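Working notes, structure below.
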Amino acid sequence: MGQLYYGDTAEPIDIPDRLLAHLKVVITTKLRRAESFTLTWRHEDGTSSGRSSLWLQESIPLRFVFDSAEAEQLDPEALQDMAHRASSSSGLVVDFDDLPAERKIATLVA
C-alpha cells in the first residue's frame, strides 16, 4: 500500500501501489501543464464515512511513496481513461471499495 502526501499535512492517503503509480503519471502530467483538477475517493478505512476531494495544483507540495521498490507496470488504456476523466468537470474519481486491491485498476478502465 503506497501513500500520497499532499500539502502541509503529515497524514498520508493510503492508495494501492499499482493505482498510485497510475495516479502519479496522470497527476504529474497534468500539473506539469499547469492544469489543476480534483481527485476524489471514498473513504475505505472504516474510520469515517463519506468521501474526500483534493484540488490538485502545481504550487502545492505533493509526494508519492511506494511500498514496493520495483516500478509497477502501467496500463496505457487506464492512463488514457484517467487522464480523460481528470479533464472532465467532475475531475478524477477513484473508488477503492469496489474490488480487491489487485483488481482496482480494472475499475478505471470499465
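Within each chain, counting starts at residue 1; across the C-alpha cells, chains are named A, B, ... in the order shown, with ligands numbered 1 upward in that order.
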
Quick one: DSSP helix (DSSP H, G or I) residues in chain A, as a VMD selection string?
-> chain A and resid 17 to 32 76 to 86 101 to 109

Write a file of the just-selected residues containing N, CA, C and O atoms, as a compact mmCIF listing (two decimals), in the first residue's frame.
# COMPACT_ATOMS: atom_id res chain seq x y z
N ASP A 17 -0.25 0.45 -4.45
CA ASP A 17 0.89 0.84 -5.29
C ASP A 17 0.55 0.91 -6.78
O ASP A 17 0.95 1.85 -7.45
N ARG A 18 -0.14 -0.09 -7.29
CA ARG A 18 -0.45 -0.10 -8.73
C ARG A 18 -1.30 1.10 -9.12
O ARG A 18 -1.02 1.78 -10.12
N LEU A 19 -2.30 1.40 -8.34
CA LEU A 19 -3.15 2.55 -8.62
C LEU A 19 -2.37 3.85 -8.43
O LEU A 19 -2.47 4.78 -9.24
N LEU A 20 -1.55 3.91 -7.38
CA LEU A 20 -0.76 5.11 -7.12
C LEU A 20 0.21 5.38 -8.27
O LEU A 20 0.43 6.54 -8.64
N ALA A 21 0.78 4.34 -8.85
CA ALA A 21 1.69 4.52 -9.99
C ALA A 21 0.98 5.17 -11.17
O ALA A 21 1.52 6.05 -11.83
N HIS A 22 -0.25 4.76 -11.42
CA HIS A 22 -1.04 5.36 -12.49
C HIS A 22 -1.41 6.80 -12.15
O HIS A 22 -1.32 7.69 -12.99
N LEU A 23 -1.82 7.02 -10.91
CA LEU A 23 -2.16 8.38 -10.48
C LEU A 23 -0.96 9.30 -10.61
O LEU A 23 -1.09 10.46 -11.03
N LYS A 24 0.22 8.81 -10.26
CA LYS A 24 1.43 9.63 -10.35
C LYS A 24 1.64 10.14 -11.77
O LYS A 24 1.94 11.32 -11.97
N VAL A 25 1.48 9.28 -12.75
CA VAL A 25 1.68 9.69 -14.14
C VAL A 25 0.64 10.72 -14.55
O VAL A 25 0.97 11.76 -15.13
N VAL A 26 -0.62 10.46 -14.24
CA VAL A 26 -1.69 11.39 -14.63
C VAL A 26 -1.53 12.72 -13.92
O VAL A 26 -1.60 13.79 -14.54
N ILE A 27 -1.31 12.68 -12.62
CA ILE A 27 -1.19 13.92 -11.83
C ILE A 27 0.00 14.74 -12.28
O ILE A 27 -0.13 15.95 -12.52
N THR A 28 1.16 14.12 -12.40
CA THR A 28 2.35 14.89 -12.77
C THR A 28 2.24 15.44 -14.19
O THR A 28 2.71 16.55 -14.46
N THR A 29 1.63 14.70 -15.08
CA THR A 29 1.45 15.20 -16.44
C THR A 29 0.56 16.43 -16.45
O THR A 29 0.87 17.45 -17.08
N LYS A 30 -0.55 16.36 -15.74
CA LYS A 30 -1.48 17.50 -15.71
C LYS A 30 -0.85 18.69 -15.01
O LYS A 30 -0.98 19.83 -15.48
N LEU A 31 -0.18 18.47 -13.90
CA LEU A 31 0.41 19.59 -13.17
C LEU A 31 1.59 20.21 -13.92
O LEU A 31 1.81 21.42 -13.84
N ARG A 32 2.33 19.40 -14.66
CA ARG A 32 3.41 19.93 -15.48
C ARG A 32 2.87 20.91 -16.52
O ARG A 32 3.52 21.87 -16.91
N PRO A 76 -1.60 1.43 -20.42
CA PRO A 76 -1.83 2.64 -21.22
C PRO A 76 -3.30 3.02 -21.35
O PRO A 76 -3.64 4.20 -21.35
N GLU A 77 -4.19 2.02 -21.46
CA GLU A 77 -5.62 2.32 -21.56
C GLU A 77 -6.15 2.95 -20.27
O GLU A 77 -6.94 3.88 -20.31
N ALA A 78 -5.71 2.43 -19.14
CA ALA A 78 -6.14 3.00 -17.86
C ALA A 78 -5.61 4.42 -17.71
O ALA A 78 -6.33 5.32 -17.25
N LEU A 79 -4.37 4.66 -18.12
CA LEU A 79 -3.81 6.02 -18.05
C LEU A 79 -4.61 6.98 -18.91
O LEU A 79 -4.93 8.10 -18.48
N GLN A 80 -4.95 6.56 -20.10
CA GLN A 80 -5.72 7.42 -21.01
C GLN A 80 -7.10 7.72 -20.43
O GLN A 80 -7.56 8.87 -20.46
N ASP A 81 -7.74 6.71 -19.87
CA ASP A 81 -9.06 6.90 -19.26
C ASP A 81 -8.99 7.84 -18.07
O ASP A 81 -9.81 8.75 -17.92
N MET A 82 -7.99 7.65 -17.23
CA MET A 82 -7.83 8.50 -16.05
C MET A 82 -7.55 9.95 -16.46
O MET A 82 -8.10 10.89 -15.88
N ALA A 83 -6.70 10.14 -17.46
CA ALA A 83 -6.39 11.50 -17.93
C ALA A 83 -7.63 12.17 -18.49
O ALA A 83 -7.87 13.36 -18.24
N HIS A 84 -8.43 11.41 -19.22
CA HIS A 84 -9.68 11.96 -19.78
C HIS A 84 -10.63 12.38 -18.66
O HIS A 84 -11.20 13.46 -18.68
N ARG A 85 -10.78 11.51 -17.65
CA ARG A 85 -11.68 11.83 -16.54
C ARG A 85 -11.15 12.98 -15.70
O ARG A 85 -11.92 13.79 -15.19
N ALA A 86 -9.84 13.08 -15.55
CA ALA A 86 -9.26 14.19 -14.78
C ALA A 86 -9.55 15.53 -15.46
O ALA A 86 -9.64 16.56 -14.79
N ALA A 101 -7.69 -5.27 -3.97
CA ALA A 101 -6.57 -4.41 -4.38
C ALA A 101 -5.98 -4.78 -5.73
O ALA A 101 -5.68 -3.92 -6.53
N GLU A 102 -5.83 -6.07 -6.01
CA GLU A 102 -5.19 -6.45 -7.25
C GLU A 102 -6.06 -6.19 -8.48
O GLU A 102 -5.59 -6.24 -9.59
N ARG A 103 -7.35 -5.89 -8.27
CA ARG A 103 -8.24 -5.63 -9.40
C ARG A 103 -8.73 -4.20 -9.46
O ARG A 103 -9.46 -3.84 -10.34
N LYS A 104 -8.31 -3.36 -8.55
CA LYS A 104 -8.82 -1.99 -8.51
C LYS A 104 -8.55 -1.22 -9.79
O LYS A 104 -9.38 -0.45 -10.22
N ILE A 105 -7.43 -1.44 -10.41
CA ILE A 105 -7.12 -0.71 -11.62
C ILE A 105 -8.12 -1.02 -12.72
O ILE A 105 -8.41 -0.18 -13.55
N ALA A 106 -8.72 -2.21 -12.68
CA ALA A 106 -9.71 -2.59 -13.69
C ALA A 106 -10.94 -1.68 -13.63
O ALA A 106 -11.58 -1.44 -14.64
N THR A 107 -11.28 -1.15 -12.46
CA THR A 107 -12.44 -0.28 -12.36
C THR A 107 -12.21 1.03 -13.10
O THR A 107 -13.16 1.69 -13.48
N LEU A 108 -10.97 1.40 -13.32
CA LEU A 108 -10.69 2.65 -14.00
C LEU A 108 -10.89 2.53 -15.50
O LEU A 108 -11.09 3.52 -16.17
N VAL A 109 -10.85 1.32 -16.02
CA VAL A 109 -10.98 1.10 -17.45
C VAL A 109 -12.43 0.86 -17.83
O VAL A 109 -12.86 1.16 -18.92

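Residues within 6 Å of stretch 61-73 of chain A, counting only C-alpha atoms and excluding same-chain residues fewer than 2 positions away, are Met1, Gly2, Gln3, Leu4, Tyr5, Tyr6, Gly7, Asp17 and Arg18 of chain A.
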
Computed interatomic separation between atom CA of A:Glu58 and atom CA of A:Thr9 (Å) =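 Interatomic distance, atom CA of A:Glu58 to atom CA of A:Thr9: 16.3 Å.
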